[in-house]
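Q: Please read through the structure below; I'll follow up with questions.
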Amino acid sequence: MRLIQHGPEPGPESMRLIEGEVPQPGAGEILIENHWVGVNRPDLLQRAGAYPPPPGASPILGLEAAGRVVAVGDAVTEWQVGDFVTALTPGGAYAEYCVAPAGHALPLPEGIGLREAASLPENWFTVWANVAEIGRLAAGERLLVHGGSSGIGLAAIQLGKLLGATVYATAGSAEKCDACKAFGADIAINYRTSDFVEIVKNAGGADVVLDMVGASYIPRNVSLLRPDGRLVMIAFLAGGRAELDFVQVMLKRLTITGSTMRPRSVAEKTAYRDALLHHVWPAFVDGRVRPSIYAEFPLEQAGDAHRLMESNAHIGKIILKVRGD
């Protein structure tokens, strides 16, 4: 099969198309003939040597794929050869074939094709885990999403509205703010020209903050959280160190937490899959939520896809085409 190899140099120029062996599914796994795969920021980190795959995972980049099931491992009963799925993978998606745990695959929502479906798993597993479960966002509360125009951000905005919250979002341009509003944000703040702390405080503060920036944003997030608020961190694009007065944390009874998705157990991710099937997949069918694809590249141009993501010019998801639908 064709696959993307990377390294040892850390830059996108290290990525090249080579031939390799088709993986075989183990017990509880399915083999997917990939048609489209998603590009995610953890892929960039892994390529640069900063995010190694967990033990037993494929060293090939790629955390989500959509395609056709072509083989099933022992003890797999929910999928059959010929089924079309989109799946969260432990790695290996930048290839013509990849394996995934059967419990991490989802059917395509009615009306959603393979191209769009490839953009869903990594973002939606992440936002469900961090906004709905860890962040415990409830109807009537207020959610602040940083990086609102990213794939994660647009999914988080939509999940916030689906759960009945008021949603604020930050982004770095007027165009990106417009995109946040188009996907449901009640207030979109250009952080380059406005003080998001002042705006959110004047609007009443936030109950949950989903932060992927870190560094100087951490004390600013704490300052705008309402009593019993939750700060959930999923990345540190600006760094993981900050100076913080914890008196505010104590007086407002705040929770500061964070998580990563890839190291979680198969059982945990299967539970997130089940929650998405119950709570979110029906919303794709009736149009309450939708995919957000910005650009596509053929598999052999994966390096160009990484350069685009590194530029931060994109709005929504970047995907790779492996073969036609």
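Residues in the structure tokens are named by chain (A, B, ... in the order shown) and by number from 1 within that chain; ligands are numbered from 1 in the order shown.
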Write out as a ChimeraX atom specification all residues of region 28-223 of chain A that DSSP puts in alpha helix (DSSP H) for this structure's backbone.

A: /A:41-47,114-117,121-127,151-162,174-182,196-202,217-223

Q: Could you pull the residues within 9 Å of Gly303 (chain A), counting only C-alpha atoms, minus those fewer than 3 positions along the same chain, as a PyMOL selection string?

A: chain A and resi 11-16+300+306-308

Q: Give me every strand (DSSP E or B) residue in region 12-76 of chain A, going by DSSP on the backbone, as a PyMOL selection string.

A: chain A and resi 16-19+29-39+64-72

Q: Let me see the file: selected residues, N, CA, C and O atoms, as an mmCIF file, in the first residue's frame.

A:
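Contents of result.cif, freshly written:
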```cif
data_model
loop_
_atom_site.group_PDB
_atom_site.id
_atom_site.type_symbol
_atom_site.label_atom_id
_atom_site.label_comp_id
_atom_site.auth_asym_id
_atom_site.auth_seq_id
_atom_site.Cartn_x
_atom_site.Cartn_y
_atom_site.Cartn_z
ATOM 1 N N ARG A 16 7.239 11.878 2.818
ATOM 2 C CA ARG A 16 7.299 11.378 1.441
ATOM 3 C C ARG A 16 6.435 10.128 1.302
ATOM 4 O O ARG A 16 6.181 9.417 2.273
ATOM 5 N N LEU A 17 5.992 9.901 0.081
ATOM 6 C CA LEU A 17 5.137 8.760 -0.221
ATOM 7 C C LEU A 17 6.005 7.535 -0.506
ATOM 8 O O LEU A 17 6.907 7.596 -1.346
ATOM 9 N N ILE A 18 5.753 6.445 0.202
ATOM 10 C CA ILE A 18 6.491 5.209 -0.015
ATOM 11 C C ILE A 18 5.505 4.045 -0.089
ATOM 12 O O ILE A 18 4.303 4.205 0.142
ATOM 13 N N GLU A 19 6.021 2.856 -0.383
ATOM 14 C CA GLU A 19 5.234 1.630 -0.359
ATOM 15 C C GLU A 19 5.511 0.878 0.934
ATOM 16 O O GLU A 19 6.643 0.866 1.433
ATOM 17 N N GLU A 29 -10.383 -5.496 16.279
ATOM 18 C CA GLU A 29 -10.030 -4.414 15.356
ATOM 19 C C GLU A 29 -10.645 -4.637 13.987
ATOM 20 O O GLU A 29 -11.040 -5.747 13.624
ATOM 21 N N ILE A 30 -10.724 -3.546 13.217
ATOM 22 C CA ILE A 30 -11.153 -3.612 11.821
ATOM 23 C C ILE A 30 -10.068 -3.026 10.933
ATOM 24 O O ILE A 30 -9.288 -2.180 11.364
ATOM 25 N N LEU A 31 -10.008 -3.511 9.707
ATOM 26 C CA LEU A 31 -9.104 -2.949 8.697
ATOM 27 C C LEU A 31 -9.935 -2.085 7.758
ATOM 28 O O LEU A 31 -10.931 -2.550 7.191
ATOM 29 N N ILE A 32 -9.525 -0.832 7.602
ATOM 30 C CA ILE A 32 -10.271 0.131 6.797
ATOM 31 C C ILE A 32 -9.494 0.449 5.523
ATOM 32 O O ILE A 32 -8.301 0.761 5.574
ATOM 33 N N GLU A 33 -10.158 0.354 4.389
ATOM 34 C CA GLU A 33 -9.630 0.858 3.117
ATOM 35 C C GLU A 33 -9.931 2.357 3.095
ATOM 36 O O GLU A 33 -11.073 2.776 2.917
ATOM 37 N N ASN A 34 -8.909 3.167 3.335
ATOM 38 C CA ASN A 34 -9.119 4.598 3.509
ATOM 39 C C ASN A 34 -9.459 5.284 2.190
ATOM 40 O O ASN A 34 -8.807 5.052 1.171
ATOM 41 N N HIS A 35 -10.464 6.151 2.229
ATOM 42 C CA HIS A 35 -10.785 7.023 1.106
ATOM 43 C C HIS A 35 -10.349 8.454 1.404
ATOM 44 O O HIS A 35 -9.820 9.125 0.528
ATOM 45 N N TRP A 36 -10.604 8.914 2.628
ATOM 46 C CA TRP A 36 -10.202 10.245 3.071
ATOM 47 C C TRP A 36 -9.671 10.134 4.495
ATOM 48 O O TRP A 36 -10.144 9.295 5.261
ATOM 49 N N VAL A 37 -8.726 10.984 4.845
ATOM 50 C CA VAL A 37 -8.207 11.009 6.218
ATOM 51 C C VAL A 37 -8.092 12.452 6.671
ATOM 52 O O VAL A 37 -7.917 13.370 5.861
ATOM 53 N N GLY A 38 -8.189 12.668 7.969
ATOM 54 C CA GLY A 38 -8.110 14.003 8.532
ATOM 55 C C GLY A 38 -6.697 14.361 8.959
ATOM 56 O O GLY A 38 -5.894 13.491 9.310
ATOM 57 N N VAL A 39 -6.415 15.654 8.929
ATOM 58 C CA VAL A 39 -5.136 16.190 9.400
ATOM 59 C C VAL A 39 -5.402 16.922 10.718
ATOM 60 O O VAL A 39 -6.323 17.733 10.801
ATOM 61 N N GLU A 64 -7.444 9.827 12.188
ATOM 62 C CA GLU A 64 -8.846 9.638 11.801
ATOM 63 C C GLU A 64 -8.920 9.335 10.317
ATOM 64 O O GLU A 64 -8.118 9.828 9.518
ATOM 65 N N ALA A 65 -9.890 8.494 9.966
ATOM 66 C CA ALA A 65 -10.032 8.068 8.578
ATOM 67 C C ALA A 65 -11.483 7.711 8.303
ATOM 68 O O ALA A 65 -12.250 7.390 9.222
ATOM 69 N N ALA A 66 -11.838 7.753 7.033
ATOM 70 C CA ALA A 66 -13.156 7.297 6.594
ATOM 71 C C ALA A 66 -12.977 6.422 5.362
ATOM 72 O O ALA A 66 -12.203 6.764 4.461
ATOM 73 N N GLY A 67 -13.672 5.313 5.340
ATOM 74 C CA GLY A 67 -13.545 4.406 4.206
ATOM 75 C C GLY A 67 -14.382 3.163 4.401
ATOM 76 O O GLY A 67 -15.381 3.165 5.133
ATOM 77 N N ARG A 68 -13.949 2.061 3.774
ATOM 78 C CA ARG A 68 -14.710 0.810 3.743
ATOM 79 C C ARG A 68 -14.013 -0.254 4.574
ATOM 80 O O ARG A 68 -12.788 -0.420 4.478
ATOM 81 N N VAL A 69 -14.776 -0.966 5.385
ATOM 82 C CA VAL A 69 -14.226 -2.081 6.144
ATOM 83 C C VAL A 69 -13.916 -3.223 5.181
ATOM 84 O O VAL A 69 -14.791 -3.671 4.429
ATOM 85 N N VAL A 70 -12.658 -3.696 5.184
ATOM 86 C CA VAL A 70 -12.267 -4.778 4.268
ATOM 87 C C VAL A 70 -11.847 -6.046 5.003
ATOM 88 O O VAL A 70 -11.652 -7.085 4.376
ATOM 89 N N ALA A 71 -11.708 -5.970 6.313
ATOM 90 C CA ALA A 71 -11.424 -7.166 7.106
ATOM 91 C C ALA A 71 -11.763 -6.862 8.560
ATOM 92 O O ALA A 71 -11.696 -5.707 9.001
ATOM 93 N N VAL A 72 -12.140 -7.902 9.305
ATOM 94 C CA VAL A 72 -12.433 -7.733 10.728
ATOM 95 C C VAL A 72 -11.641 -8.772 11.513
ATOM 96 O O VAL A 72 -11.414 -9.890 11.060
#
```

Q: May I have the residues within 9 Å of Val232 (chain A) as a ChimeraX atom specification, using only C-alpha atoms and disregarding those fewer than 2 positions away in the same chain?

A: /A:130-131,134-135,208-212,230,234,255-259

Q: So, with only C-alpha atoms as the atoms that count, which of A:Leu251, A:Arg47, A:Val322, A:Ala57 lies closest to Met1 (chain A)?

A: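 Looking only at the distances to Met1 (chain A), the closest residue turns out to be A:Val322.
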
Q: Quick one: everything within 12 Å of Ala118 (chain A), counting only C-alpha atoms, minus sequence neighbours fewer than 3 positions away in the same chain. Send it as a short mmCIF file (atom, residue, chain, number, x, y, z; two decimals) with C-alpha atoms, in the first residue's frame.

A:
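Saved as around.cif:
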```cif
data_model
loop_
_atom_site.label_atom_id
_atom_site.label_comp_id
_atom_site.auth_asym_id
_atom_site.auth_seq_id
_atom_site.Cartn_x
_atom_site.Cartn_y
_atom_site.Cartn_z
CA ASN A 34 -9.12 4.60 3.51
CA HIS A 35 -10.79 7.02 1.11
CA TRP A 36 -10.20 10.25 3.07
CA VAL A 37 -8.21 11.01 6.22
CA GLY A 38 -8.11 14.00 8.53
CA VAL A 39 -5.14 16.19 9.40
CA ASN A 40 -4.78 17.22 13.04
CA GLY A 62 -2.89 10.01 11.16
CA LEU A 63 -5.62 9.79 13.81
CA GLU A 64 -8.85 9.64 11.80
CA ALA A 65 -10.03 8.07 8.58
CA ALA A 66 -13.16 7.30 6.59
CA GLY A 67 -13.54 4.41 4.21
CA ARG A 68 -14.71 0.81 3.74
CA PHE A 84 -18.56 2.30 5.37
CA VAL A 85 -17.25 3.89 8.55
CA THR A 86 -15.36 6.82 9.97
CA ALA A 87 -13.01 6.01 12.81
CA LEU A 88 -10.66 7.38 15.42
CA THR A 89 -7.37 5.55 14.98
CA ALA A 93 -4.26 6.82 8.89
CA TYR A 94 -1.91 8.50 6.37
CA ALA A 105 -15.66 3.41 14.45
CA LEU A 106 -18.94 5.12 13.65
CA PRO A 107 -21.36 4.81 10.76
CA LEU A 108 -21.59 7.73 8.37
CA PRO A 109 -24.41 10.04 9.45
CA ILE A 112 -22.73 12.83 5.12
CA GLY A 113 -20.25 11.37 2.61
CA LEU A 114 -16.84 9.85 3.22
CA ARG A 115 -15.07 13.14 2.49
CA PRO A 121 -13.75 11.70 14.76
CA GLU A 122 -10.72 13.45 16.28
CA ASN A 123 -12.54 16.74 16.78
CA TRP A 124 -15.79 15.32 18.08
CA PRO A 291 -18.75 19.41 9.15
CA SER A 292 -16.33 22.25 8.49
CA ILE A 293 -13.78 21.49 5.75
CA GLU A 296 -8.16 19.08 0.79
CA LYS A 317 -10.57 21.05 8.90
CA ILE A 318 -7.85 20.03 6.48
CA ILE A 319 -8.20 16.57 4.90
CA LEU A 320 -6.25 14.25 2.61
CA LYS A 321 -7.74 12.34 -0.32
CA VAL A 322 -6.51 8.77 -0.53
CA ASP A 325 -15.46 8.10 -2.85
#
```

Q: I want to know what sits within 9 Å of region 164-179 of chain A, based on only C-alpha atoms, with residues of the same chain fewer than 3 positions away left out; could you give that as a PyMOL selection string?

A: chain A and resi 137-150+153-154+157-161+182-193+196+200+206+314-316

Q: Any idea what's packed within 12 Å of Asp74 (chain A), counting only C-alpha atoms, ignoring anything in its chain fewer than 6 positions away? Could you give it as number ranges by chain?

A: A: 24-31, 80, 101-102

Q: Using only C-alpha atoms, which residue out of A:Ala100, A:Ala156, A:Ala295, A:Met309 lies closest to Val266 (chain A)?

A: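 Ranked by minimum distance to Val266 (chain A), first place goes to A:Ala100.
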
Q: Go ahead and compute the interatomic distance for CA of Thr77 (chain A) and CA of Tyr272 (chain A), in Å to one decimal.

A: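 These two atoms are separated by 18.9 Å.
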